[in-house]
>>> print(open('data-v7.cif').read())   # mmCIF, C-alpha atoms
data_start
#
loop_
_atom_site.group_PDB
_atom_site.id
_atom_site.type_symbol
_atom_site.label_atom_id
_atom_site.label_comp_id
_atom_site.auth_asym_id
_atom_site.auth_seq_id
_atom_site.Cartn_x
_atom_site.Cartn_y
_atom_site.Cartn_z
ATOM 1 C CA MET A 1 -193.901 -65.827 85.085
ATOM 2 C CA PRO A 2 -193.490 -62.479 83.316
ATOM 3 C CA GLN A 3 -196.603 -61.259 85.138
ATOM 4 C CA LEU A 4 -194.583 -60.927 88.328
ATOM 5 C CA ASP A 5 -192.093 -58.491 86.776
ATOM 6 C CA THR A 6 -193.094 -55.311 88.543
ATOM 7 C CA SER A 7 -191.479 -52.825 86.137
ATOM 8 C CA MET A 8 -194.642 -52.597 83.990
ATOM 9 C CA TRP A 9 -197.162 -52.731 86.807
ATOM 10 C CA LEU A 10 -197.659 -48.991 87.159
ATOM 11 C CA LEU A 11 -198.309 -48.483 83.461
ATOM 12 C CA THR A 12 -200.679 -51.453 83.266
ATOM 13 C CA ILE A 13 -202.644 -50.391 86.321
ATOM 14 C CA LEU A 14 -202.891 -46.767 85.191
ATOM 15 C CA SER A 15 -204.139 -47.755 81.745
ATOM 16 C CA MET A 16 -206.672 -50.092 83.334
ATOM 17 C CA LEU A 17 -207.912 -47.332 85.634
ATOM 18 C CA LEU A 18 -208.329 -44.986 82.690
ATOM 19 C CA THR A 19 -210.153 -47.555 80.570
ATOM 20 C CA LEU A 20 -212.371 -49.184 83.168
ATOM 21 C CA PHE A 21 -213.247 -46.235 85.353
ATOM 22 C CA VAL A 22 -213.389 -43.473 82.753
ATOM 23 C CA LEU A 23 -213.769 -44.597 79.154
ATOM 24 C CA PHE A 24 -216.063 -47.579 79.676
ATOM 25 C CA GLN A 25 -218.296 -45.830 82.182
ATOM 26 C CA LEU A 26 -218.643 -42.762 79.962
ATOM 27 C CA LYS A 27 -219.659 -44.944 77.044
ATOM 28 C CA ILE A 28 -222.017 -47.261 78.890
ATOM 29 C CA SER A 29 -223.664 -44.368 80.711
ATOM 30 C CA LYS A 30 -224.783 -42.965 77.346
ATOM 31 C CA HIS A 31 -226.865 -46.055 76.611
ATOM 32 C CA SER A 32 -230.559 -45.320 76.667
ATOM 33 C CA TYR A 33 -233.042 -47.996 77.521
ATOM 34 C CA SER A 34 -236.247 -46.898 75.894
ATOM 35 C CA PRO A 35 -239.266 -49.123 76.571
ATOM 36 C CA ASN A 36 -240.479 -51.378 73.827
ATOM 37 C CA PRO A 37 -243.119 -49.848 71.552
ATOM 38 C CA LYS A 38 -246.657 -50.724 72.543
ATOM 39 C CA LEU A 39 -249.945 -50.629 70.676
ATOM 40 C CA ALA A 40 -251.839 -47.409 71.201
ATOM 41 C CA HIS A 41 -255.537 -46.813 70.695
ATOM 42 C CA THR A 42 -256.232 -44.838 67.580
ATOM 43 C CA LYS A 43 -259.233 -43.102 69.150
ATOM 44 C CA THR A 44 -258.069 -40.472 71.603
ATOM 45 C CA GLN A 45 -259.646 -40.750 74.978
ATOM 46 C CA LYS A 46 -262.117 -38.082 75.947
ATOM 47 C CA GLN A 47 -260.446 -35.509 78.166
ATOM 48 C CA GLN A 48 -262.198 -34.964 81.461
ATOM 49 C CA ALA A 49 -262.300 -31.316 82.314
ATOM 50 C CA PRO A 50 -262.035 -30.597 86.052
ATOM 51 C CA TRP A 51 -265.656 -29.447 86.271
ATOM 52 C CA ASN A 52 -266.857 -32.657 84.636
ATOM 53 C CA THR A 53 -265.889 -34.741 87.653
ATOM 54 C CA THR A 54 -266.872 -32.593 90.611
ATOM 55 C CA TRP A 55 -269.706 -30.358 91.481
ATOM 56 C CA THR A 56 -268.959 -26.665 91.218
ATOM 57 C CA LYS A 57 -271.102 -23.672 91.866
ATOM 58 C CA ILE A 58 -272.195 -23.342 88.266
ATOM 59 C CA TYR A 59 -272.081 -26.953 87.137
ATOM 60 C CA LEU A 60 -273.549 -30.218 88.392
ATOM 61 C CA PRO A 61 -272.080 -33.328 86.807
ATOM 62 C CA LEU A 62 -274.616 -35.687 85.266
ATOM 63 C CA LEU A 63 -274.460 -38.498 87.804
ATOM 64 C CA MET B 64 -188.704 -76.323 70.634
ATOM 65 C CA ASN B 65 -186.908 -74.646 73.481
ATOM 66 C CA GLU B 66 -188.869 -71.395 73.428
ATOM 67 C CA ASN B 67 -190.223 -69.644 76.452
ATOM 68 C CA LEU B 68 -193.779 -70.799 77.134
ATOM 69 C CA PHE B 69 -194.604 -67.606 78.952
ATOM 70 C CA ALA B 70 -193.541 -65.302 76.121
ATOM 71 C CA PRO B 71 -197.179 -64.472 75.141
ATOM 72 C CA PHE B 72 -197.738 -63.023 78.589
ATOM 73 C CA MET B 73 -194.953 -60.470 78.403
ATOM 74 C CA ILE B 74 -195.943 -56.835 77.880
ATOM 75 C CA PRO B 75 -195.440 -56.186 74.154
ATOM 76 C CA VAL B 76 -192.947 -53.483 73.291
ATOM 77 C CA MET B 77 -192.882 -51.576 70.030
ATOM 78 C CA LEU B 78 -189.763 -49.507 69.213
ATOM 79 C CA GLY B 79 -188.831 -49.756 72.862
ATOM 80 C CA ILE B 80 -192.157 -48.311 74.004
ATOM 81 C CA PRO B 81 -194.588 -50.563 75.891
ATOM 82 C CA ILE B 82 -197.902 -50.550 74.023
ATOM 83 C CA THR B 83 -199.954 -51.978 76.851
ATOM 84 C CA THR B 84 -201.982 -48.756 77.197
ATOM 85 C CA LEU B 85 -203.121 -49.004 73.585
ATOM 86 C CA ILE B 86 -204.027 -52.660 74.014
ATOM 87 C CA ILE B 87 -206.003 -52.039 77.181
ATOM 88 C CA ILE B 88 -207.866 -49.090 75.662
ATOM 89 C CA LEU B 89 -208.680 -50.969 72.453
ATOM 90 C CA PRO B 90 -211.818 -52.829 73.685
ATOM 91 C CA SER B 91 -213.525 -49.542 74.524
ATOM 92 C CA MET B 92 -213.526 -48.733 70.804
ATOM 93 C CA LEU B 93 -215.835 -51.712 70.269
ATOM 94 C CA PHE B 94 -218.536 -49.941 72.264
ATOM 95 C CA PRO B 95 -219.482 -46.842 70.281
ATOM 96 C CA ALA B 96 -221.385 -44.264 72.284
ATOM 97 C CA PRO B 97 -224.890 -43.858 70.891
ATOM 98 C CA ASN B 98 -225.560 -40.258 69.874
ATOM 99 C CA ARG B 99 -228.648 -40.597 67.710
ATOM 100 C CA LEU B 100 -232.286 -41.289 68.419
ATOM 101 C CA ILE B 101 -232.238 -44.358 66.169
ATOM 102 C CA ASN B 102 -229.035 -46.354 66.454
ATOM 103 C CA ASN B 103 -227.385 -48.804 64.133
ATOM 104 C CA ARG B 104 -227.628 -52.543 64.662
ATOM 105 C CA THR B 105 -224.356 -52.938 66.609
ATOM 106 C CA ILE B 106 -225.322 -50.367 69.210
ATOM 107 C CA ALA B 107 -228.876 -51.654 69.370
ATOM 108 C CA ILE B 108 -227.667 -55.197 70.078
ATOM 109 C CA GLN B 109 -225.148 -53.919 72.638
ATOM 110 C CA GLN B 110 -227.776 -51.867 74.399
ATOM 111 C CA TRP B 111 -230.152 -54.794 74.438
ATOM 112 C CA LEU B 112 -227.426 -57.039 75.865
ATOM 113 C CA THR B 113 -226.392 -54.558 78.563
ATOM 114 C CA LYS B 114 -230.043 -54.123 79.498
ATOM 115 C CA LEU B 115 -230.477 -57.892 79.769
ATOM 116 C CA THR B 116 -227.277 -58.320 81.784
ATOM 117 C CA SER B 117 -228.037 -55.476 84.147
ATOM 118 C CA LYS B 118 -231.554 -56.801 84.749
ATOM 119 C CA GLN B 119 -230.156 -60.229 85.611
ATOM 120 C CA LEU B 120 -227.350 -58.888 87.741
ATOM 121 C CA MET B 121 -228.936 -55.985 89.581
ATOM 122 C CA ASN B 122 -232.377 -57.417 90.362
ATOM 123 C CA VAL B 123 -231.260 -58.910 93.663
ATOM 124 C CA HIS B 124 -229.825 -55.660 94.972
ATOM 125 C CA SER B 125 -231.394 -53.031 97.164
ATOM 126 C CA PRO B 126 -231.828 -49.553 95.642
ATOM 127 C CA LYS B 127 -228.560 -48.580 97.301
ATOM 128 C CA GLY B 128 -226.754 -51.496 95.717
ATOM 129 C CA GLN B 129 -228.318 -50.721 92.353
ATOM 130 C CA THR B 130 -226.387 -47.473 92.202
ATOM 131 C CA TRP B 131 -223.395 -49.663 91.377
ATOM 132 C CA SER B 132 -224.966 -51.024 88.191
ATOM 133 C CA LEU B 133 -222.941 -48.816 85.839
ATOM 134 C CA MET B 134 -219.730 -49.896 87.552
ATOM 135 C CA LEU B 135 -220.597 -53.585 87.475
ATOM 136 C CA ILE B 136 -221.796 -53.583 83.875
ATOM 137 C CA SER B 137 -218.676 -51.696 82.753
ATOM 138 C CA LEU B 138 -216.545 -54.174 84.657
ATOM 139 C CA PHE B 139 -218.261 -57.130 83.012
ATOM 140 C CA LEU B 140 -218.036 -55.650 79.524
ATOM 141 C CA PHE B 141 -214.401 -54.667 80.015
ATOM 142 C CA ILE B 142 -213.278 -58.109 81.192
ATOM 143 C CA ALA B 143 -215.418 -59.964 78.662
ATOM 144 C CA SER B 144 -214.275 -57.892 75.689
ATOM 145 C CA THR B 145 -210.631 -58.065 76.771
ATOM 146 C CA ASN B 146 -210.846 -61.833 77.184
ATOM 147 C CA LEU B 147 -212.567 -62.321 73.852
ATOM 148 C CA LEU B 148 -210.075 -60.093 72.012
ATOM 149 C CA GLY B 149 -207.320 -62.119 73.647
ATOM 150 C CA MET B 150 -208.613 -65.199 71.842
ATOM 151 C CA LEU B 151 -207.271 -63.772 68.564
ATOM 152 C CA PRO B 152 -204.056 -65.550 67.592
ATOM 153 C CA HIS B 153 -200.788 -63.773 68.375
ATOM 154 C CA SER B 154 -202.570 -61.194 70.495
ATOM 155 C CA PHE B 155 -201.775 -60.030 74.001
ATOM 156 C CA THR B 156 -204.409 -60.487 76.697
ATOM 157 C CA PRO B 157 -204.268 -57.832 79.432
ATOM 158 C CA THR B 158 -206.384 -60.001 81.770
ATOM 159 C CA THR B 159 -203.429 -62.378 82.120
ATOM 160 C CA GLN B 160 -201.598 -59.583 83.941
ATOM 161 C CA LEU B 161 -201.848 -60.075 87.674
ATOM 162 C CA SER B 162 -201.170 -56.381 88.260
ATOM 163 C CA MET B 163 -204.194 -55.304 86.234
ATOM 164 C CA ASN B 164 -206.518 -57.750 87.939
ATOM 165 C CA VAL B 165 -205.324 -56.815 91.399
ATOM 166 C CA GLY B 166 -205.734 -53.183 90.381
ATOM 167 C CA MET B 167 -209.346 -53.905 89.403
ATOM 168 C CA ALA B 168 -210.180 -56.035 92.420
ATOM 169 C CA ILE B 169 -208.796 -53.902 95.241
ATOM 170 C CA PRO B 170 -210.773 -50.666 94.618
ATOM 171 C CA LEU B 171 -214.021 -52.572 94.101
ATOM 172 C CA TRP B 172 -213.480 -54.711 97.190
ATOM 173 C CA ALA B 173 -212.491 -51.664 99.231
ATOM 174 C CA GLY B 174 -215.592 -49.864 97.977
ATOM 175 C CA THR B 175 -217.945 -52.630 99.070
ATOM 176 C CA VAL B 176 -216.252 -53.138 102.429
ATOM 177 C CA THR B 177 -216.254 -49.398 103.152
ATOM 178 C CA THR B 178 -219.939 -49.188 102.250
ATOM 179 C CA GLY B 179 -220.610 -52.074 104.586
ATOM 180 C CA PHE B 180 -218.723 -50.575 107.492
ATOM 181 C CA ARG B 181 -220.319 -47.191 106.944
ATOM 182 C CA ASN B 182 -223.932 -48.291 106.626
ATOM 183 C CA LYS B 183 -224.078 -51.636 108.390
ATOM 184 C CA THR B 184 -221.307 -51.448 110.947
ATOM 185 C CA LYS B 185 -222.763 -54.034 113.302
ATOM 186 C CA MET B 186 -223.454 -56.577 110.597
ATOM 187 C CA SER B 187 -220.023 -56.134 108.995
ATOM 188 C CA LEU B 188 -218.332 -56.638 112.343
ATOM 189 C CA ALA B 189 -220.556 -59.634 113.058
ATOM 190 C CA HIS B 190 -219.246 -61.269 109.866
ATOM 191 C CA LEU B 191 -215.855 -61.478 111.539
ATOM 192 C CA LEU B 192 -217.098 -64.196 113.884
ATOM 193 C CA PRO B 193 -219.277 -67.160 112.836
ATOM 194 C CA GLN B 194 -222.175 -67.980 115.107
ATOM 195 C CA GLY B 195 -221.734 -70.679 117.727
ATOM 196 C CA THR B 196 -217.976 -70.466 118.033
ATOM 197 C CA PRO B 197 -216.534 -71.971 121.267
ATOM 198 C CA THR B 198 -215.307 -69.185 123.517
ATOM 199 C CA PHE B 199 -211.639 -70.171 123.567
ATOM 200 C CA LEU B 200 -211.522 -70.130 119.749
ATOM 201 C CA ILE B 201 -212.941 -66.607 119.423
ATOM 202 C CA PRO B 202 -209.658 -64.586 119.275
ATOM 203 C CA MET B 203 -208.193 -67.048 116.788
ATOM 204 C CA LEU B 204 -211.259 -67.046 114.525
ATOM 205 C CA VAL B 205 -211.517 -63.267 114.459
ATOM 206 C CA ILE B 206 -207.925 -63.107 113.221
ATOM 207 C CA ILE B 207 -208.573 -65.807 110.606
ATOM 208 C CA GLU B 208 -211.760 -64.153 109.370
ATOM 209 C CA THR B 209 -210.023 -60.781 109.158
ATOM 210 C CA ILE B 210 -207.220 -62.293 107.081
ATOM 211 C CA SER B 211 -209.744 -64.037 104.842
ATOM 212 C CA LEU B 212 -211.557 -60.725 104.336
ATOM 213 C CA PHE B 213 -208.345 -58.998 103.330
ATOM 214 C CA ILE B 214 -207.228 -61.785 101.016
ATOM 215 C CA GLN B 215 -210.469 -61.724 98.990
ATOM 216 C CA PRO B 216 -209.397 -59.178 96.313
ATOM 217 C CA VAL B 217 -206.164 -61.089 95.728
ATOM 218 C CA ALA B 218 -208.185 -64.278 95.377
ATOM 219 C CA TRP B 219 -210.465 -62.689 92.755
ATOM 220 C CA ALA B 220 -207.480 -61.386 90.809
ATOM 221 C CA VAL B 221 -205.549 -64.642 90.964
ATOM 222 C CA ARG B 222 -208.625 -66.598 89.881
ATOM 223 C CA LEU B 223 -209.025 -64.491 86.729
ATOM 224 C CA THR B 224 -205.293 -64.465 85.950
ATOM 225 C CA ALA B 225 -204.837 -68.190 86.507
ATOM 226 C CA ASN B 226 -207.849 -69.190 84.438
ATOM 227 C CA ILE B 227 -206.960 -67.089 81.432
ATOM 228 C CA THR B 228 -203.226 -67.894 81.612
ATOM 229 C CA ALA B 229 -203.840 -71.624 81.967
ATOM 230 C CA GLY B 230 -206.260 -71.677 79.041
ATOM 231 C CA HIS B 231 -203.880 -69.818 76.758
ATOM 232 C CA LEU B 232 -200.960 -72.036 77.795
ATOM 233 C CA LEU B 233 -202.969 -75.192 77.126
ATOM 234 C CA MET B 234 -204.006 -74.013 73.680
ATOM 235 C CA HIS B 235 -200.397 -73.024 72.953
ATOM 236 C CA LEU B 236 -199.094 -76.445 74.011
ATOM 237 C CA ILE B 237 -201.699 -78.463 72.124
ATOM 238 C CA GLY B 238 -201.179 -76.324 69.035
ATOM 239 C CA GLU B 239 -197.442 -77.024 69.164
ATOM 240 C CA THR B 240 -198.179 -80.732 69.597
ATOM 241 C CA THR B 241 -200.471 -80.754 66.576
ATOM 242 C CA LEU B 242 -197.800 -79.098 64.448
ATOM 243 C CA ALA B 243 -195.146 -81.538 65.611
ATOM 244 C CA LEU B 244 -197.371 -84.559 65.039
ATOM 245 C CA MET B 245 -198.193 -83.504 61.457
ATOM 246 C CA ASN B 246 -194.868 -84.900 60.228
ATOM 247 C CA ILE B 247 -195.055 -88.065 62.311
ATOM 248 C CA ASN B 248 -198.569 -89.396 62.258
ATOM 249 C CA LEU B 249 -201.370 -87.642 60.468
ATOM 250 C CA PHE B 250 -204.115 -89.526 62.302
ATOM 251 C CA SER B 251 -202.936 -88.571 65.790
ATOM 252 C CA ALA B 252 -202.403 -85.051 64.526
ATOM 253 C CA PHE B 253 -206.047 -85.034 63.516
ATOM 254 C CA ILE B 254 -207.061 -86.199 66.998
ATOM 255 C CA THR B 255 -205.014 -83.464 68.667
ATOM 256 C CA PHE B 256 -206.471 -80.945 66.257
ATOM 257 C CA THR B 257 -209.974 -82.004 67.270
ATOM 258 C CA ILE B 258 -209.006 -81.555 70.897
ATOM 259 C CA LEU B 259 -207.574 -78.145 70.041
ATOM 260 C CA ALA B 260 -210.787 -77.092 68.317
ATOM 261 C CA LEU B 261 -212.908 -78.241 71.255
ATOM 262 C CA LEU B 262 -210.547 -76.516 73.667
ATOM 263 C CA THR B 263 -210.848 -73.286 71.703
ATOM 264 C CA ILE B 264 -214.635 -73.435 72.053
ATOM 265 C CA LEU B 265 -214.191 -74.052 75.779
ATOM 266 C CA GLU B 266 -211.857 -71.081 76.032
ATOM 267 C CA PHE B 267 -214.416 -68.790 74.422
ATOM 268 C CA ALA B 268 -216.877 -69.945 77.056
ATOM 269 C CA VAL B 269 -214.287 -69.507 79.818
ATOM 270 C CA ALA B 270 -213.579 -65.972 78.612
ATOM 271 C CA LEU B 271 -217.208 -65.037 79.240
ATOM 272 C CA ILE B 272 -217.647 -67.157 82.354
ATOM 273 C CA GLN B 273 -214.618 -65.664 84.089
ATOM 274 C CA ALA B 274 -215.825 -62.163 83.330
ATOM 275 C CA TYR B 275 -219.180 -63.118 84.820
ATOM 276 C CA VAL B 276 -217.581 -64.765 87.868
ATOM 277 C CA PHE B 277 -215.475 -61.699 88.640
ATOM 278 C CA THR B 278 -218.497 -59.426 88.345
ATOM 279 C CA LEU B 279 -220.644 -61.823 90.348
ATOM 280 C CA LEU B 280 -218.144 -61.892 93.211
ATOM 281 C CA VAL B 281 -218.129 -58.099 93.396
ATOM 282 C CA SER B 282 -221.919 -58.181 93.201
ATOM 283 C CA LEU B 283 -222.181 -60.756 96.024
ATOM 284 C CA TYR B 284 -219.922 -58.676 98.224
ATOM 285 C CA LEU B 285 -221.979 -55.623 97.429
ATOM 286 C CA HIS B 286 -225.166 -57.503 98.275
ATOM 287 C CA ASP B 287 -223.758 -58.518 101.666
ATOM 288 C CA ASN B 288 -222.704 -54.965 102.411
ATOM 289 C CA THR B 289 -225.688 -52.866 101.332
#
>>> encode(input="data-v7.cif", output="structure tokens")
Amino acid sequence: MPQLDTSMWLLTILSMLLTLFVLFQLKISKHSYSPNPKLAHTKTQKQQAPWNTTWTKIYLPLL
Amino acid sequence: MNENLFAPFMIPVMLGIPITTLIIILPSMLFPAPNRLINNRTIAIQQWLTKLTSKQLMNVHSPKGQTWSLMLISLFLFIASTNLLGMLPHSFTPTTQLSMNVGMAIPLWAGTVTTGFRNKTKMSLAHLLPQGTPTFLIPMLVIIETISLFIQPVAWAVRLTANITAGHLLMHLIGETTLALMNINLFSAFITFTILALLTILEFAVALIQAYVFTLLVSLYLHDNT
């Protein structure tokens, strides 16, 4: 079994460490998982101003 | 016919320089880093696949275990791409090297075990003794369980090495047989060739399955320890 010849072990292990723990992780960490596009309503929703929802001194919401 | 069967598993040397580093780094070139808002098809498919794999793999983990997802996905992609590239004829497969697999297994195993002892000391120690052991067997079983814990990374590495080596050897042998039978009996050569083709399909599956098994074992250990 040539796998058991230890003269190349250091080189093999060092190259594996470089590839697996540095190169691959740097590349995979750049992947971006954006959510799938969804349908949006064309009519924009009416913005509720803060005074529309609560009673203030000068404004009473139409309940 | 008297050639060395294990010759494909020797580290290739070019002009006296071992080129194993180049071969091991090569698969990372197949994963281009996306640097645009809209990517090309290769990157889009790769991203979709990594998303799918990570969802499948990391769903069972606690939030603490999920911090390992980058490591596990990189591990899976690295082993899978190396195995698949090794299916090319006349190529060298780094995953047949025991040293590389042990080098991958030991840090990951040590990481999970250390996490376990740090965060769940009682539970990790409790794993060293199965429940309901007769009292006089306790010292013996603790020793056995400790040895079995320490032998795990070697077992992972040997499993990957043995599977890939055995598959490549089998394909090599059956290919030689087919060639030899061509001059003797064309019909039996055809049968062996069919077996060779089926075996090649099996080996492609094994390449992916072994990558998955290795990752799954790390993931199971992580799950037990977080």
>>> interface_residues(input="data-v7.cif", of="chain B", to="chain A", cutoff="6 Å", atoms="only C-alpha atoms", output="ChimeraX atom specification")
/B:73,84,88,96,137,160-163,166
>>> resolve_selection(input="data-v7.cif", expression="the PyMOL selection byres ((chain B and resi 94) around 10)", output="JSON, numbers by chain")
{"A": [23, 24, 27, 28], "B": [89, 90, 91, 92, 93, 95, 96, 97, 105, 106, 109, 110, 140, 141, 144]}
>>> closest_residue(input="data-v7.cif", among="B:Thr240, B:Asn103, B:Thr145, B:Asn248", to="Leu223 of chain B", atoms="all atoms listed in the file")
B:Thr145
>>> residues_around(input="data-v7.cif", residues="Thr175 of chain B", least_positions_apart="3", cutoff="6 Å", atoms="all atoms listed in the file", output="ChimeraX atom specification")
/B:172,178,285
>>> write_last_selection(input="data-v7.cif", atoms="C-alpha atoms", output="PDB file, in the coordinates of the input")
ATOM      1  CA  TRP B 172    -213.480 -54.711  97.190  1.00  0.00           C
ATOM      2  CA  THR B 178    -219.939 -49.188 102.250  1.00  0.00           C
ATOM      3  CA  LEU B 285    -221.979 -55.623  97.429  1.00  0.00           C
TER       4      LEU B 285
END
>>> residues_around(input="data-v7.cif", residues="Ala49 of chain A", least_positions_apart="4", cutoff="12 Å", atoms="all atoms listed in the file", output="PyMOL selection string")
chain A and resi 53-55+59+61
>>> closest_residue(input="data-v7.cif", among="B:Leu280, B:Leu191, B:Ile82, B:Ala274", to="Leu138 of chain B", atoms="only C-alpha atoms")
B:Ala274
>>> atom_distance(input="data-v7.cif", atom1="atom CA of Thr257 of chain B", atom2="atom CA of Gly238 of chain B")
10.6 Å
>>> resolve_selection(input="data-v7.cif", expression="the PyMOL selection byres ((chain B and resi 128) around 9)", output="MDAnalysis selection string")
chainID B and resid 121 123:127 129:132 282 285:286 288:289
>>> resolve_selection(input="data-v7.cif", expression="the PyMOL selection byres ((chain B and resi 75-77) around 12)", output="list in words")
Pro2, Met8 and Thr12 of chain A; Ala70, Pro71, Phe72, Met73, Ile74, Leu78, Gly79, Ile80, Pro81, Ile82, Thr83, Thr84, Leu85, Ile86, Ile87, His153, Ser154, Phe155, Thr156 and Pro157 of chain B
>>> write_last_selection(input="data-v7.cif", atoms="C-alpha atoms", output="PDB file, keeping the file's coordinate frame")
ATOM      1  CA  PRO A   2    -193.490 -62.479  83.316  1.00  0.00           C
ATOM      2  CA  MET A   8    -194.642 -52.597  83.990  1.00  0.00           C
ATOM      3  CA  THR A  12    -200.679 -51.453  83.266  1.00  0.00           C
TER       4      THR A  12
ATOM      5  CA  ALA B  70    -193.541 -65.302  76.121  1.00  0.00           C
ATOM      6  CA  PRO B  71    -197.179 -64.472  75.141  1.00  0.00           C
ATOM      7  CA  PHE B  72    -197.738 -63.023  78.589  1.00  0.00           C
ATOM      8  CA  MET B  73    -194.953 -60.470  78.403  1.00  0.00           C
ATOM      9  CA  ILE B  74    -195.943 -56.835  77.880  1.00  0.00           C
ATOM     10  CA  LEU B  78    -189.763 -49.507  69.213  1.00  0.00           C
ATOM     11  CA  GLY B  79    -188.831 -49.756  72.862  1.00  0.00           C
ATOM     12  CA  ILE B  80    -192.157 -48.311  74.004  1.00  0.00           C
ATOM     13  CA  PRO B  81    -194.588 -50.563  75.891  1.00  0.00           C
ATOM     14  CA  ILE B  82    -197.902 -50.550  74.023  1.00  0.00           C
ATOM     15  CA  THR B  83    -199.954 -51.978  76.851  1.00  0.00           C
ATOM     16  CA  THR B  84    -201.982 -48.756  77.197  1.00  0.00           C
ATOM     17  CA  LEU B  85    -203.121 -49.004  73.585  1.00  0.00           C
ATOM     18  CA  ILE B  86    -204.027 -52.660  74.014  1.00  0.00           C
ATOM     19  CA  ILE B  87    -206.003 -52.039  77.181  1.00  0.00           C
ATOM     20  CA  HIS B 153    -200.788 -63.773  68.375  1.00  0.00           C
ATOM     21  CA  SER B 154    -202.570 -61.194  70.495  1.00  0.00           C
ATOM     22  CA  PHE B 155    -201.775 -60.030  74.001  1.00  0.00           C
ATOM     23  CA  THR B 156    -204.409 -60.487  76.697  1.00  0.00           C
ATOM     24  CA  PRO B 157    -204.268 -57.832  79.432  1.00  0.00           C
TER      25      PRO B 157
END
>>> atom_distance(input="data-v7.cif", atom1="atom CA of Met150 of chain B", atom2="atom CA of Thr241 of chain B")
18.3 Å
>>> atom_distance(input="data-v7.cif", atom1="atom CA of Phe253 of chain B", atom2="atom CA of Leu265 of chain B")
18.4 Å
>>> residues_around(input="data-v7.cif", residues="Ile206 of chain B", least_positions_apart="5", cutoff="10 Å", atoms="all atoms listed in the file", output="PyMOL selection string")
chain B and resi 191-192+201+211-212
>>> build_atoms(input="data-v7.cif", residues="segment 17-32 of chain A", atoms="N, CA and C atoms", output="PDB file, in the coordinates of the input")
ATOM      1  N   LEU A  17    -207.066 -48.298  84.922  1.00  0.00           N
ATOM      2  CA  LEU A  17    -207.912 -47.332  85.634  1.00  0.00           C
ATOM      3  C   LEU A  17    -208.572 -46.385  84.647  1.00  0.00           C
ATOM      4  N   LEU A  18    -207.780 -45.902  83.695  1.00  0.00           N
ATOM      5  CA  LEU A  18    -208.329 -44.986  82.690  1.00  0.00           C
ATOM      6  C   LEU A  18    -209.439 -45.656  81.887  1.00  0.00           C
ATOM      7  N   THR A  19    -209.175 -46.894  81.437  1.00  0.00           N
ATOM      8  CA  THR A  19    -210.153 -47.555  80.570  1.00  0.00           C
ATOM      9  C   THR A  19    -211.407 -47.936  81.333  1.00  0.00           C
ATOM     10  N   LEU A  20    -211.212 -48.632  82.468  1.00  0.00           N
ATOM     11  CA  LEU A  20    -212.371 -49.184  83.168  1.00  0.00           C
ATOM     12  C   LEU A  20    -213.184 -48.103  83.856  1.00  0.00           C
ATOM     13  N   PHE A  21    -212.505 -47.179  84.526  1.00  0.00           N
ATOM     14  CA  PHE A  21    -213.247 -46.235  85.353  1.00  0.00           C
ATOM     15  C   PHE A  21    -213.627 -44.954  84.625  1.00  0.00           C
ATOM     16  N   VAL A  22    -213.019 -44.690  83.472  1.00  0.00           N
ATOM     17  CA  VAL A  22    -213.389 -43.473  82.753  1.00  0.00           C
ATOM     18  C   VAL A  22    -214.036 -43.809  81.414  1.00  0.00           C
ATOM     19  N   LEU A  23    -213.277 -44.426  80.524  1.00  0.00           N
ATOM     20  CA  LEU A  23    -213.769 -44.597  79.154  1.00  0.00           C
ATOM     21  C   LEU A  23    -215.015 -45.481  79.110  1.00  0.00           C
ATOM     22  N   PHE A  24    -214.928 -46.659  79.747  1.00  0.00           N
ATOM     23  CA  PHE A  24    -216.063 -47.579  79.676  1.00  0.00           C
ATOM     24  C   PHE A  24    -217.298 -46.979  80.327  1.00  0.00           C
ATOM     25  N   GLN A  25    -217.126 -46.346  81.494  1.00  0.00           N
ATOM     26  CA  GLN A  25    -218.296 -45.830  82.182  1.00  0.00           C
ATOM     27  C   GLN A  25    -218.925 -44.677  81.412  1.00  0.00           C
ATOM     28  N   LEU A  26    -218.086 -43.853  80.762  1.00  0.00           N
ATOM     29  CA  LEU A  26    -218.643 -42.762  79.962  1.00  0.00           C
ATOM     30  C   LEU A  26    -219.458 -43.319  78.811  1.00  0.00           C
ATOM     31  N   LYS A  27    -218.947 -44.394  78.197  1.00  0.00           N
ATOM     32  CA  LYS A  27    -219.659 -44.944  77.044  1.00  0.00           C
ATOM     33  C   LYS A  27    -220.938 -45.640  77.461  1.00  0.00           C
ATOM     34  N   ILE A  28    -220.841 -46.479  78.507  1.00  0.00           N
ATOM     35  CA  ILE A  28    -222.017 -47.261  78.890  1.00  0.00           C
ATOM     36  C   ILE A  28    -223.085 -46.343  79.483  1.00  0.00           C
ATOM     37  N   SER A  29    -222.658 -45.251  80.120  1.00  0.00           N
ATOM     38  CA  SER A  29    -223.664 -44.368  80.711  1.00  0.00           C
ATOM     39  C   SER A  29    -224.484 -43.642  79.656  1.00  0.00           C
ATOM     40  N   LYS A  30    -224.015 -43.633  78.398  1.00  0.00           N
ATOM     41  CA  LYS A  30    -224.783 -42.965  77.346  1.00  0.00           C
ATOM     42  C   LYS A  30    -225.851 -43.873  76.753  1.00  0.00           C
ATOM     43  N   HIS A  31    -225.825 -45.149  77.127  1.00  0.00           N
ATOM     44  CA  HIS A  31    -226.865 -46.055  76.611  1.00  0.00           C
ATOM     45  C   HIS A  31    -228.230 -45.610  77.110  1.00  0.00           C
ATOM     46  N   SER A  32    -229.209 -45.675  76.227  1.00  0.00           N
ATOM     47  CA  SER A  32    -230.559 -45.320  76.667  1.00  0.00           C
ATOM     48  C   SER A  32    -231.447 -46.536  76.504  1.00  0.00           C
TER      49      SER A  32
END
